[in-house]
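What follows is a set of notes on a single structure, which appears directly below.
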Amino acid sequence: MNGPHAAEPLSADPALTSAFEVLGQKWNGIILHTLAQRPARFGELRRAVPGISDRVLSSRLHDLVTSGLITPTRLPPGPVAYTLTADGHALTPALDRVAGWWRGRRAG
C-alpha cells in the first residue's frame, strides 16, 4: 500500500475491544435492550427473547451481572428480577441507534 498513511500501523481501539468482549456475545445486546423496557424475571426474559435456551440465558445474565450492566434484585415474596444498572441504561441510546440503523438498512 502506498500513500501517506502506509507507514501508520493500524490498531484497534482498546475500549471498543473491551466493550465488544461483552456486547459481542450473542444475546447480550438483546437482553440489555429488553431490560431497558423494565425489570424482568428469568421466565419473562426467556419468553421475550425467542430462541434462547435456559442454559444460555442463565450464562448471559451471569456475564452481564459480572460486567456491571445489570443487577439481580429480589422482589417480594422472593423471585429475582434483573434490572439495568446506570451503565446498562447508558447503553440504551446506542442499542436504539443500532436497531434503527438495521431497520433503515433493511428498508432500503
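Going by the C-alpha cells order, chains are called A, B, ..., each with residues numbered from 1, while ligands are numbered from 1 in the order shown.
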
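Near Leu45 (chain A), within 12 Å and counting only C-alpha atoms, sit Trp27, Asn28, Ile30, Ile31, Leu32, His33, Thr34, Leu35, Ala36, Gln37, Arg38, Pro39, Ala40, Arg41, Val49, Pro50, Gly51, Ile52, Ser53, Asp54, Val56, Leu57, Ser58, Arg60, Leu61, Val80, Ala81, Tyr82 and Thr83 of chain A, not including residues fewer than 4 positions from it in the same chain.
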
Which of region 9-85 of chain A fall in strand (DSSP E or B), as a PyMOL selection string
chain A and resi 40-41+70-74+80-84

Export C-alpha atoms of the chosen residues as a JSON list (two decimals), in the first residue's frame?
```
[["chain", "number", "residue", "atom", "x", "y", "z"],
["A", 40, "ALA", "CA", -37.86, -8.70, 34.29],
["A", 41, "ARG", "CA", -37.65, -12.13, 35.85],
["A", 70, "ILE", "CA", -27.46, -5.48, 35.14],
["A", 71, "THR", "CA", -28.22, -6.30, 38.73],
["A", 72, "PRO", "CA", -30.42, -9.01, 40.24],
["A", 73, "THR", "CA", -32.99, -7.68, 42.68],
["A", 74, "ARG", "CA", -35.10, -9.87, 44.93],
["A", 80, "VAL", "CA", -35.37, -12.33, 41.34],
["A", 81, "ALA", "CA", -35.79, -9.66, 38.70],
["A", 82, "TYR", "CA", -32.97, -8.29, 36.59],
["A", 83, "THR", "CA", -32.61, -4.54, 36.26],
["A", 84, "LEU", "CA", -30.26, -2.39, 34.22]]
```

Pick from A:Ala94, A:Leu16, A:Val22, A:Ala7 nearest to Val65 (chain A), counting only C-alpha atoms:
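Looking only at the distances to Val65 (chain A), the closest residue turns out to be A:Val22.
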
Could you give me, as a PyMOL selection string, each residue of chain A that DSSP assigns to helix (DSSP H, G or I) when run on this structure's backbone?
chain A and resi 14-23+28-35+42-48+54-66+86-107

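Using only C-alpha atoms, the shortest contact distance between Gln25 (chain A) and any of A:Ala48, A:Trp101, A:Ser59, A:Gly88 is found at A:Ser59.
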
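Counting only C-alpha atoms, the residue from A:Pro76, A:Arg47, A:Val98, A:Lys26 that sits nearest to Leu64 (chain A) is A:Lys26.
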